[in-house]
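Everything below belongs to run.csv, which stores CSV, C-alpha atoms.
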chain,number,residue,atom,x,y,z
D,1,MET,CA,-7.7,-78.0,168.5
D,2,ASP,CA,-5.3,-75.5,170.1
D,3,ILE,CA,-5.8,-71.9,168.9
D,4,HIS,CA,-3.0,-70.3,170.9
D,5,THR,CA,0.6,-71.4,170.1
D,6,HIS,CA,3.7,-69.6,168.9
D,7,TYR,CA,6.6,-70.2,166.6
D,8,VAL,CA,10.1,-68.9,166.2
D,9,PRO,CA,12.1,-69.8,163.1
D,10,LEU,CA,15.5,-71.4,163.4
D,11,GLY,CA,17.2,-68.3,162.2
D,12,TRP,CA,16.3,-65.5,159.8
D,13,PRO,CA,18.1,-63.0,157.6
D,14,ASP,CA,20.0,-60.2,159.3
D,15,LEU,CA,17.2,-57.6,159.8
D,16,ALA,CA,19.6,-54.6,159.7
D,17,THR,CA,20.4,-55.7,156.1
D,18,ALA,CA,17.0,-56.9,155.1
D,19,ALA,CA,14.8,-54.2,156.7
D,20,GLY,CA,17.2,-51.3,157.3
D,21,PRO,CA,19.4,-49.9,160.1
D,22,ALA,CA,17.8,-49.7,163.5
D,23,PRO,CA,18.9,-50.4,167.1
D,24,ASP,CA,18.3,-53.7,168.7
D,25,TRP,CA,16.9,-55.9,165.9
D,26,PRO,CA,16.2,-59.4,167.2
D,27,TRP,CA,18.4,-62.3,166.2
D,28,LEU,CA,18.8,-65.9,167.2
D,29,ARG,CA,21.9,-67.2,169.1
D,30,VAL,CA,21.8,-70.9,168.3
D,31,THR,CA,23.5,-73.0,171.0
D,32,SER,CA,22.7,-76.5,169.7
D,33,GLU,CA,20.4,-78.3,167.3
D,34,ARG,CA,17.6,-78.1,169.8
D,35,ASP,CA,18.3,-74.9,171.8
D,36,ALA,CA,18.7,-71.3,171.1
D,37,MET,CA,18.3,-67.8,172.7
D,38,ILE,CA,16.3,-65.0,171.2
D,39,MET,CA,18.5,-61.9,171.4
D,40,VAL,CA,17.3,-58.3,171.2
D,41,GLY,CA,20.4,-56.5,170.3
D,42,SER,CA,22.9,-57.6,173.0
D,43,ARG,CA,20.1,-58.5,175.5
D,44,GLU,CA,18.9,-62.0,176.1
D,45,PHE,CA,15.2,-62.1,175.6
D,46,ARG,CA,14.0,-65.7,175.9
D,47,ARG,CA,15.6,-69.2,175.7
D,48,ILE,CA,13.7,-71.5,173.3
D,49,GLY,CA,13.8,-75.0,172.0
D,50,ALA,CA,13.2,-77.1,168.9
D,51,ASP,CA,9.5,-77.1,169.7
D,52,CYS,CA,9.4,-73.5,168.4
D,53,TRP,CA,10.6,-74.4,164.9
D,54,ASP,CA,10.5,-78.2,164.4
D,55,ALA,CA,7.3,-79.6,163.0
D,56,ASP,CA,8.1,-83.2,164.2
D,57,THR,CA,8.6,-82.0,167.8
D,58,ARG,CA,5.3,-80.2,167.7
D,59,LEU,CA,3.4,-83.1,166.2
D,60,ALA,CA,4.8,-85.5,168.8
D,61,ASP,CA,3.7,-83.1,171.7
D,62,MET,CA,0.3,-82.7,170.0
D,63,ALA,CA,-0.1,-86.5,169.8
D,64,ALA,CA,0.8,-86.8,173.5
D,65,ASP,CA,-1.9,-84.2,174.4
D,66,GLY,CA,-4.6,-85.4,172.0
D,67,ILE,CA,-4.5,-82.3,169.9
D,68,ASP,CA,-5.5,-82.6,166.3
D,69,ALA,CA,-4.4,-79.2,165.1
D,70,GLN,CA,-2.6,-76.1,166.3
D,71,VAL,CA,-2.9,-72.4,165.2
D,72,ILE,CA,0.7,-71.2,165.1
D,73,SER,CA,1.1,-67.5,165.6
D,74,PRO,CA,4.1,-65.2,165.7
D,75,THR,CA,5.9,-64.4,169.0
D,76,PRO,CA,5.0,-60.8,169.7
D,77,VAL,CA,8.6,-59.6,170.1
D,78,PHE,CA,8.7,-59.6,166.3
D,79,PHE,CA,5.8,-57.3,165.7
D,80,HIS,CA,7.9,-54.1,165.5
D,81,TYR,CA,5.0,-51.7,165.6
D,82,ASP,CA,7.4,-49.1,167.0
D,83,ARG,CA,9.6,-49.1,163.8
D,84,PRO,CA,9.0,-47.2,160.6
D,85,ALA,CA,6.3,-48.9,158.6
D,86,ASP,CA,8.5,-49.7,155.6
D,87,GLN,CA,10.8,-51.7,158.0
D,88,ALA,CA,7.9,-53.5,159.7
D,89,ILE,CA,6.5,-54.5,156.3
D,90,LYS,CA,9.8,-56.2,155.4
D,91,VAL,CA,10.0,-58.0,158.7
D,92,ALA,CA,6.4,-59.2,158.5
D,93,LYS,CA,7.1,-60.7,155.0
D,94,ILE,CA,10.2,-62.5,156.2
D,95,PHE,CA,8.5,-64.1,159.2
D,96,ASN,CA,5.3,-64.8,157.5
D,97,ASP,CA,7.1,-66.7,154.7
D,98,LEU,CA,9.2,-68.6,157.3
D,99,ALA,CA,5.9,-69.6,159.2
D,100,LEU,CA,4.7,-71.3,156.0
D,101,GLU,CA,7.9,-73.3,155.9
D,102,ILE,CA,7.5,-74.4,159.5
D,103,CYS,CA,3.9,-75.5,158.9
D,104,ALA,CA,4.5,-77.1,155.5
D,105,PRO,CA,5.2,-80.6,156.8
D,106,ALA,CA,1.7,-80.9,158.3
D,107,PRO,CA,-0.9,-79.1,156.3
D,108,GLY,CA,-4.3,-79.1,158.0
D,109,ARG,CA,-2.6,-79.7,161.4
D,110,LEU,CA,-0.2,-76.8,161.7
D,111,LEU,CA,-2.2,-73.7,160.8
D,112,PRO,CA,-0.1,-70.5,160.4
D,113,PHE,CA,-1.4,-67.1,161.4
D,114,ALA,CA,0.3,-64.0,159.9
D,115,GLN,CA,1.6,-60.8,161.4
D,116,VAL,CA,1.1,-57.4,159.8
D,117,PRO,CA,2.6,-53.9,160.1
D,118,LEU,CA,-0.4,-52.6,162.1
D,119,GLN,CA,1.1,-49.1,162.4
D,120,ASP,CA,0.2,-48.7,158.6
D,121,PRO,CA,-3.4,-50.0,158.1
D,122,ASP,CA,-3.2,-50.0,154.3
D,123,ALA,CA,0.1,-52.0,154.4
D,124,ALA,CA,-1.4,-54.3,157.0
D,125,CYS,CA,-4.4,-55.0,154.7
D,126,ARG,CA,-2.1,-55.7,151.8
D,127,GLU,CA,0.1,-58.1,153.8
D,128,LEU,CA,-2.9,-59.9,155.1
D,129,ASP,CA,-4.3,-60.4,151.6
D,130,ARG,CA,-0.9,-61.7,150.5
D,131,CYS,CA,-0.7,-64.1,153.4
D,132,LEU,CA,-4.2,-65.4,152.9
D,133,ALA,CA,-3.5,-66.1,149.3
D,134,ASN,CA,-0.3,-68.0,150.3
D,135,GLY,CA,-1.9,-70.3,152.8
D,136,HIS,CA,-2.2,-68.4,156.2
D,137,HIS,CA,-5.4,-69.1,158.0
D,138,GLY,CA,-5.7,-65.8,159.9
D,139,VAL,CA,-3.8,-63.0,161.6
D,140,GLU,CA,-2.4,-62.3,165.1
D,141,ILE,CA,-2.1,-58.7,166.2
D,142,GLY,CA,-0.8,-57.0,169.3
D,143,ASN,CA,-3.4,-55.3,171.5
D,144,HIS,CA,-2.2,-51.8,170.8
D,145,VAL,CA,0.2,-49.7,168.7
D,146,GLY,CA,1.9,-47.3,171.0
D,147,ASP,CA,-0.8,-45.2,172.6
D,148,ARG,CA,-3.4,-46.3,169.9
D,149,ASP,CA,-5.8,-48.9,171.2
D,150,LEU,CA,-8.1,-51.2,169.2
D,151,ASP,CA,-10.6,-48.4,168.7
D,152,ASP,CA,-8.1,-46.3,166.8
D,153,GLU,CA,-9.5,-45.5,163.3
D,154,GLY,CA,-6.6,-47.1,161.5
D,155,ILE,CA,-6.9,-50.3,163.4
D,156,VAL,CA,-10.7,-50.3,163.0
D,157,THR,CA,-10.1,-50.1,159.2
D,158,PHE,CA,-7.9,-53.2,159.5
D,159,LEU,CA,-10.5,-55.1,161.5
D,160,GLN,CA,-13.1,-54.1,159.0
D,161,HIS,CA,-10.9,-55.6,156.3
D,162,CYS,CA,-10.5,-58.8,158.3
D,163,ALA,CA,-14.3,-59.0,158.6
D,164,ASP,CA,-14.6,-58.5,154.8
D,165,ARG,CA,-12.0,-61.1,154.0
D,166,GLY,CA,-13.4,-63.6,156.6
D,167,ALA,CA,-10.0,-63.7,158.3
D,168,PRO,CA,-10.0,-64.6,162.0
D,169,VAL,CA,-8.1,-62.3,164.3
D,170,PHE,CA,-6.2,-63.4,167.4
D,171,VAL,CA,-5.2,-60.6,169.8
D,172,HIS,CA,-2.2,-61.1,172.0
D,173,PRO,CA,-0.9,-58.6,174.6
D,174,TRP,CA,2.5,-57.2,174.1
D,175,ASP,CA,4.7,-54.2,175.0
D,176,MET,CA,3.4,-54.1,178.6
D,177,PRO,CA,4.1,-51.0,180.7
D,178,ALA,CA,7.3,-51.1,182.7
D,179,SER,CA,8.2,-49.9,186.1
D,180,PRO,CA,10.5,-51.0,189.0
D,181,ARG,CA,7.4,-52.5,190.7
D,182,LEU,CA,6.9,-54.8,187.7
D,183,ASP,CA,10.5,-56.0,187.3
D,184,ARG,CA,10.2,-58.9,189.8
D,185,TRP,CA,8.2,-62.0,190.0
D,186,MET,CA,7.4,-61.8,186.2
D,187,ALA,CA,4.9,-59.2,187.2
D,188,GLN,CA,4.7,-57.8,183.7
D,189,TRP,CA,3.4,-61.2,182.5
D,190,LEU,CA,1.3,-62.0,185.6
D,191,THR,CA,-0.5,-58.7,186.0
D,192,GLY,CA,0.4,-56.6,183.0
D,193,MET,CA,-0.8,-59.1,180.4
D,194,PRO,CA,-4.3,-59.6,181.9
D,195,ALA,CA,-4.7,-55.8,182.4
D,196,GLU,CA,-3.6,-55.0,178.8
D,197,THR,CA,-6.1,-57.6,177.4
D,198,HIS,CA,-8.9,-56.3,179.6
D,199,LEU,CA,-8.2,-52.7,178.4
D,200,SER,CA,-8.4,-53.8,174.8
D,201,VAL,CA,-11.7,-55.6,175.2
D,202,LEU,CA,-13.0,-52.4,176.7
D,203,ALA,CA,-11.7,-50.4,173.7
D,204,LEU,CA,-13.8,-52.6,171.3
D,205,ILE,CA,-16.9,-52.1,173.5
D,206,LEU,CA,-16.7,-48.6,174.8
D,207,GLY,CA,-14.9,-47.3,171.7
D,208,GLY,CA,-17.9,-48.3,169.7
D,209,VAL,CA,-16.0,-50.8,167.5
D,210,PHE,CA,-18.5,-53.5,167.8
D,211,ASP,CA,-21.2,-51.0,166.8
D,212,ARG,CA,-19.3,-50.2,163.6
D,213,VAL,CA,-17.7,-53.4,162.5
D,214,PRO,CA,-20.1,-56.2,161.4
D,215,ASP,CA,-20.6,-59.3,163.5
D,216,THR,CA,-18.8,-61.3,160.7
D,217,LEU,CA,-15.6,-60.2,162.5
D,218,ARG,CA,-14.2,-63.3,164.3
D,219,ILE,CA,-11.9,-62.0,167.0
D,220,CYS,CA,-10.4,-63.9,170.0
D,221,PHE,CA,-8.4,-62.7,173.0
D,222,ALA,CA,-5.5,-64.6,174.5
D,223,HIS,CA,-5.2,-65.7,178.2
D,224,GLY,CA,-8.9,-66.0,178.9
D,225,GLY,CA,-9.5,-62.4,177.9
D,226,GLY,CA,-7.4,-61.2,180.8
D,227,SER,CA,-9.5,-59.9,183.7
D,228,PHE,CA,-12.5,-58.9,181.7
D,229,ALA,CA,-14.9,-61.7,182.7
D,230,PHE,CA,-14.3,-61.1,186.4
D,231,TRP,CA,-15.0,-57.4,186.2
D,232,LEU,CA,-17.8,-57.2,183.7
D,233,GLY,CA,-20.2,-56.3,186.5
D,234,ARG,CA,-18.0,-53.3,187.4
D,235,LEU,CA,-17.9,-52.2,183.8
D,236,GLU,CA,-21.7,-52.6,183.5
D,237,ASN,CA,-22.3,-50.5,186.7
D,238,ALA,CA,-20.0,-47.7,185.3
D,239,TRP,CA,-21.8,-47.7,182.0
D,240,HIS,CA,-25.1,-47.1,183.7
D,241,ARG,CA,-23.9,-44.7,186.4
D,242,ARG,CA,-20.8,-42.8,185.4
D,243,ALA,CA,-21.2,-39.8,183.1
D,244,ASP,CA,-17.9,-40.4,181.3
D,245,VAL,CA,-18.9,-44.0,180.5
D,246,ILE,CA,-22.7,-43.8,179.9
D,247,ALA,CA,-23.7,-44.5,176.3
D,248,THR,CA,-20.2,-44.7,175.0
D,249,SER,CA,-21.4,-47.8,173.2
D,250,ALA,CA,-24.9,-48.3,171.7
D,251,HIS,CA,-25.7,-51.0,174.3
D,252,PRO,CA,-24.6,-51.9,177.8
D,253,PRO,CA,-21.3,-53.9,177.8
D,254,SER,CA,-23.0,-57.2,178.5
D,255,HIS,CA,-24.7,-57.0,175.1
D,256,TYR,CA,-21.4,-57.6,173.4
D,257,THR,CA,-20.2,-60.8,175.1
D,258,ASP,CA,-21.1,-62.9,172.0
D,259,ARG,CA,-19.0,-60.6,169.7
D,260,PHE,CA,-15.6,-62.0,170.8
D,261,SER,CA,-14.0,-65.2,172.0
D,262,VAL,CA,-11.3,-66.1,174.5
D,263,ASP,CA,-8.9,-68.9,174.9
D,264,SER,CA,-8.9,-71.3,177.9
D,265,VAL,CA,-5.4,-70.6,179.3
D,266,VAL,CA,-6.7,-69.9,182.8
D,267,PHE,CA,-5.5,-73.1,184.5
D,268,GLU,CA,-8.2,-73.6,187.1
D,269,PRO,CA,-11.8,-74.9,186.6
D,270,THR,CA,-13.2,-72.1,188.8
D,271,ALA,CA,-11.7,-69.5,186.4
D,272,LEU,CA,-13.0,-71.4,183.4
D,273,ARG,CA,-16.4,-71.5,184.9
D,274,THR,CA,-16.3,-67.7,185.2
D,275,LEU,CA,-15.6,-67.4,181.5
D,276,VAL,CA,-18.3,-69.8,180.6
D,277,ASP,CA,-20.9,-68.2,182.9
D,278,THR,CA,-20.0,-64.7,181.6
D,279,LEU,CA,-19.4,-65.3,177.9
D,280,GLY,CA,-21.0,-68.6,177.2
D,281,ALA,CA,-19.4,-71.9,176.3
D,282,SER,CA,-19.7,-71.0,172.7
D,283,GLN,CA,-17.1,-68.2,173.1
D,284,VAL,CA,-14.3,-70.2,174.7
D,285,MET,CA,-11.7,-72.2,172.8
D,286,VAL,CA,-8.8,-74.3,173.9
D,287,GLY,CA,-5.5,-72.5,173.9
D,288,SER,CA,-2.2,-73.4,175.5
D,289,ASP,CA,0.5,-70.7,174.8
D,290,TYR,CA,2.6,-73.7,173.7
D,291,PRO,CA,5.6,-74.0,173.8
D,292,TYR,CA,6.3,-71.3,176.4
D,293,PRO,CA,6.8,-72.0,180.1
D,294,LEU,CA,3.6,-70.1,181.2
D,295,GLY,CA,1.5,-72.3,178.9
D,296,GLU,CA,-0.7,-75.3,179.8
D,297,ARG,CA,0.5,-78.9,179.4
D,298,PRO,CA,-1.2,-81.2,178.8
D,299,VAL,CA,-3.1,-78.9,176.5
D,300,GLY,CA,-6.8,-78.6,177.4
D,301,GLU,CA,-6.3,-80.1,180.9
D,302,VAL,CA,-8.4,-77.4,182.5
D,303,VAL,CA,-11.3,-78.3,180.2
D,304,HIS,CA,-11.1,-82.0,181.0
D,305,ARG,CA,-10.9,-81.2,184.8
D,306,SER,CA,-14.0,-78.9,184.7
D,307,ASP,CA,-16.9,-81.2,185.8
D,308,PHE,CA,-19.4,-78.4,185.5
D,309,LEU,CA,-19.3,-78.7,181.7
D,310,ASP,CA,-21.9,-80.9,180.0
D,311,GLU,CA,-20.9,-83.0,177.0
D,312,ALA,CA,-21.9,-80.4,174.4
D,313,GLY,CA,-20.1,-77.6,176.1
D,314,ARG,CA,-16.9,-79.6,176.5
D,315,ALA,CA,-17.0,-80.7,172.9
D,316,ALA,CA,-17.5,-77.1,171.8
D,317,ILE,CA,-14.6,-75.7,173.8
D,318,LEU,CA,-12.3,-78.6,172.8
D,319,GLY,CA,-12.8,-78.2,169.1
D,320,GLY,CA,-16.2,-77.1,167.7
D,321,ASN,CA,-15.8,-73.4,168.5
D,322,ALA,CA,-12.3,-73.3,167.0
D,323,ARG,CA,-13.5,-74.7,163.8
D,324,ARG,CA,-16.2,-72.0,163.6
D,325,PHE,CA,-13.6,-69.4,164.5
D,326,LEU,CA,-11.3,-70.6,161.7
D,327,GLY,CA,-14.1,-70.9,159.2
D,328,LEU,CA,-13.7,-74.7,158.9
D,329,PRO,CA,-16.7,-77.0,158.4
D,330,PRO,CA,-17.9,-78.8,161.6
D,331,VAL,CA,-16.8,-82.4,162.1

Once you've parsed the file, please lay out its structure as structure tokens.
Amino acid sequence: MDIHTHYVPLGWPDLATAAGPAPDWPWLRVTSERDAMIMVGSREFRRIGADCWDADTRLADMAADGIDAQVISPTPVFFHYDRPADQAIKVAKIFNDLALEICAPAPGRLLPFAQVPLQDPDAACRELDRCLANGHHGVEIGNHVGDRDLDDEGIVTFLQHCADRGAPVFVHPWDMPASPRLDRWMAQWLTGMPAETHLSVLALILGGVFDRVPDTLRICFAHGGGSFAFWLGRLENAWHRRADVIATSAHPPSHYTDRFSVDSVVFEPTALRTLVDTLGASQVMVGSDYPYPLGERPVGEVVHRSDFLDEAGRAAILGGNARRFLGLPPV
């Protein structure tokens, strides 16, 4: 089972008309039946193919990789946390309903996750409830809303709601800091995304979120949790020794490593071993970032290449953990 994939619909209503006037709404420039370009205003954002919207294409790729089911989440460019909440609500409803259409040909195999207007916690809770009633299996959120991280009171309210509803949460980095130093080599993706994810895990721990939200919250971080596993020792040292970090959480950071999961998109067995050694095999799930170029194909290859895993650990990472995350019965 693959818990980290994305979709883009083959077109959507004009957002300036549907959601309200604003600069640089995204739209899709379709170049053929199987190719398109996501546009943000007049700027080219990302070239995509039919694997973003066509169920048959996805299912064929899943069969080739031995994947039984995919969680299909929004592409973060459509979150629009920086827009007025009433506009973000309308956009979320449009894309959430289109996600159901994309997944409809393969119920039980293509599992849609919703997006919500996270800048308005009450509206986010209402949209989550609507989506769960309509057939979504969980929610994907960005790792921050402007300068508000995951320990912001409004976001904690939403996470509490997810725990109460039993809705799994997938956290994906987005809106990375920009600077001339990050404009080459895809540095925003290669360094910014891991750093953003690391920071957001810290917010849940040092911000005391795990102390306030019950352990029924099922939350997973993309891209192996960023750089968190490698630097847990540094964080632990600071918690014990630095006055501005000591006792910010009820327990040392290592106490919380069973409160969240990460995906396996780290590409090398040595990196996967760090995740397993730090978090435990029970906290890692196969994810691919399909269908984007920085994703893993064949899906789960790093797990199959990792000879340090025993049979039980490999089986858990390949599927058992994801079923628990999604609230599905074990096979």

Practice prompt. Excluding D:Thr216 and residues on its chain fewer than 3 positions from it, collect all residues at most 10 Å away from it, counting only C-alpha atoms, and give them as a ChimeraX atom specification.
Written response: /D:160,162-168,213,219,259

Keeping C-alpha atoms for every residue in the selection just given, could you write it to a file as an mmCIF file, keeping the file's coordinate frame?
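selection.cif, written as the output of this step:
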data_model
loop_
_atom_site.group_PDB
_atom_site.id
_atom_site.type_symbol
_atom_site.label_atom_id
_atom_site.label_comp_id
_atom_site.auth_asym_id
_atom_site.auth_seq_id
_atom_site.Cartn_x
_atom_site.Cartn_y
_atom_site.Cartn_z
ATOM 1 C CA GLN D 160 -13.100 -54.100 159.000
ATOM 2 C CA CYS D 162 -10.500 -58.800 158.300
ATOM 3 C CA ALA D 163 -14.300 -59.000 158.600
ATOM 4 C CA ASP D 164 -14.600 -58.500 154.800
ATOM 5 C CA ARG D 165 -12.000 -61.100 154.000
ATOM 6 C CA GLY D 166 -13.400 -63.600 156.600
ATOM 7 C CA ALA D 167 -10.000 -63.700 158.300
ATOM 8 C CA PRO D 168 -10.000 -64.600 162.000
ATOM 9 C CA VAL D 213 -17.700 -53.400 162.500
ATOM 10 C CA ILE D 219 -11.900 -62.000 167.000
ATOM 11 C CA ARG D 259 -19.000 -60.600 169.700
#

Worksheet item: What lies within 9 Å of D:Met193 using all atoms listed in the file, ignoring chain neighbours under 3 positions off, as an NGL selection string?
Response: :D and (172-174 or 176 or 187-190 or 196-198 or 223 or 226)

Discussion item. Quick one: residues within 10 Å of D:His255, all atoms listed in the file, excluding same-chain residues fewer than 5 positions away - as number ranges by chain?
Written reply: D: 205, 236, 249-250

Worksheet entry | Spatial neighbours of stretch 89-102 of chain D, max dist 7 Å, all atoms listed in the file, sep filter under 5 positions, as a list in words |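 The contact residues come out as Pro9, Ala19, Trp53, Asp54, Ala55, Pro112, Ala114, Gln115, Val116 and Pro117 of chain D.
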
Shell of 12 Å around D:Trp231, only C-alpha atoms, local chain residues under 4 positions omitted, as a compact mmCIF listing (two decimals) with C-alpha atoms, in the frame of the given file:
# COMPACT_ATOMS: atom_id res chain seq x y z
CA PRO D 194 -4.30 -59.60 181.90
CA ALA D 195 -4.70 -55.80 182.40
CA HIS D 198 -8.90 -56.30 179.60
CA LEU D 199 -8.20 -52.70 178.40
CA VAL D 201 -11.70 -55.60 175.20
CA LEU D 202 -13.00 -52.40 176.70
CA GLY D 225 -9.50 -62.40 177.90
CA GLY D 226 -7.40 -61.20 180.80
CA SER D 227 -9.50 -59.90 183.70
CA LEU D 235 -17.90 -52.20 183.80
CA GLU D 236 -21.70 -52.60 183.50
CA ASN D 237 -22.30 -50.50 186.70
CA ALA D 238 -20.00 -47.70 185.30
CA PRO D 253 -21.30 -53.90 177.80
CA SER D 254 -23.00 -57.20 178.50
CA THR D 274 -16.30 -67.70 185.20
CA LEU D 275 -15.60 -67.40 181.50
CA THR D 278 -20.00 -64.70 181.60

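Minimum atom-to-atom distance to D:Ser264, evaluated using only C-alpha atoms, belongs to D:Phe221 out of D:Phe221, D:Phe45, D:Tyr7, D:Trp27.
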
Sorted by chain and rising residue number, list the residues of stretch 28-96 of chain D at most 9 Å from stretch 291-302 of chain D (counting all atoms listed in the file), each with its closest atom pair and distance in Å to one decimal, as JSON lines.
{"residue": "D:Ile48", "atom": "CA", "partner": "D:Tyr292", "partner_atom": "CA", "distance": 8.0}
{"residue": "D:Gly49", "atom": "CA", "partner": "D:Pro291", "partner_atom": "CA", "distance": 8.5}
{"residue": "D:Asp51", "atom": "CA", "partner": "D:Pro291", "partner_atom": "CA", "distance": 6.5}
{"residue": "D:Cys52", "atom": "CA", "partner": "D:Pro291", "partner_atom": "CA", "distance": 6.6}
{"residue": "D:Arg58", "atom": "CA", "partner": "D:Pro291", "partner_atom": "CA", "distance": 8.7}
{"residue": "D:Asp61", "atom": "CA", "partner": "D:Pro298", "partner_atom": "CA", "distance": 8.8}
{"residue": "D:Met62", "atom": "CA", "partner": "D:Val299", "partner_atom": "CA", "distance": 8.3}
{"residue": "D:Ala64", "atom": "CA", "partner": "D:Pro298", "partner_atom": "CA", "distance": 8.0}
{"residue": "D:Asp65", "atom": "CA", "partner": "D:Pro298", "partner_atom": "CA", "distance": 5.4}
{"residue": "D:Gly66", "atom": "CA", "partner": "D:Val299", "partner_atom": "CA", "distance": 8.0}
{"residue": "D:Ile67", "atom": "CA", "partner": "D:Val299", "partner_atom": "CA", "distance": 7.6}

Taking a cut-off of 10 Å and counting all atoms listed in the file, can you build a table that, for each residue of stretch 67-119 of chain D near stretch 314-331 of chain D, reports the nearest atom pair and how far apart they are in Å (one decimal), sorted by chain then residue number, as a tab-separated table?
residue	atom	partner	partner_atom	distance
D:Ile67	CA	D:Leu318	CA	9.1
D:Asp68	CA	D:Gly319	CA	9.0
D:Ala69	CA	D:Gly319	CA	9.4
D:Val71	CA	D:Leu326	CA	9.3
D:Leu111	CA	D:Leu326	CA	9.7

Discussion item. Using all atoms listed in the file for the distances, tell me which of D:Ala247, D:Val77, D:Met37, D:Val8 is nearest to D:Asp24.
Written reply: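 Under the stated criterion, the closest residue is D:Val77.
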
Worksheet item: Between atom CA of D:Asp215 and atom CA of D:Gly280, what is the spacing in Å?
Response: 16.6 Å

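One finds atom CA of D:Ala123 at 8.1 Å from atom CA of D:Ala85.
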
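Considering the residues D:Gly208, D:Gly11, D:Gly224, D:Pro269 and counting all atoms listed in the file, D:Val286 has its shortest atom-to-atom contact with D:Gly224.
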
Worksheet item: Hey, can you check how far atom CA of D:Ala106 sits from atom CA of D:Ala312?
Response: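 Distance reported for this atom pair: 28.6 Å.
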
Worksheet entry | Nearest candidate to D:Leu128 (options D:Asp147, D:Leu309, D:His6, D:Phe158; using only C-alpha atoms) |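 The closest residue to D:Leu128 is D:Phe158.
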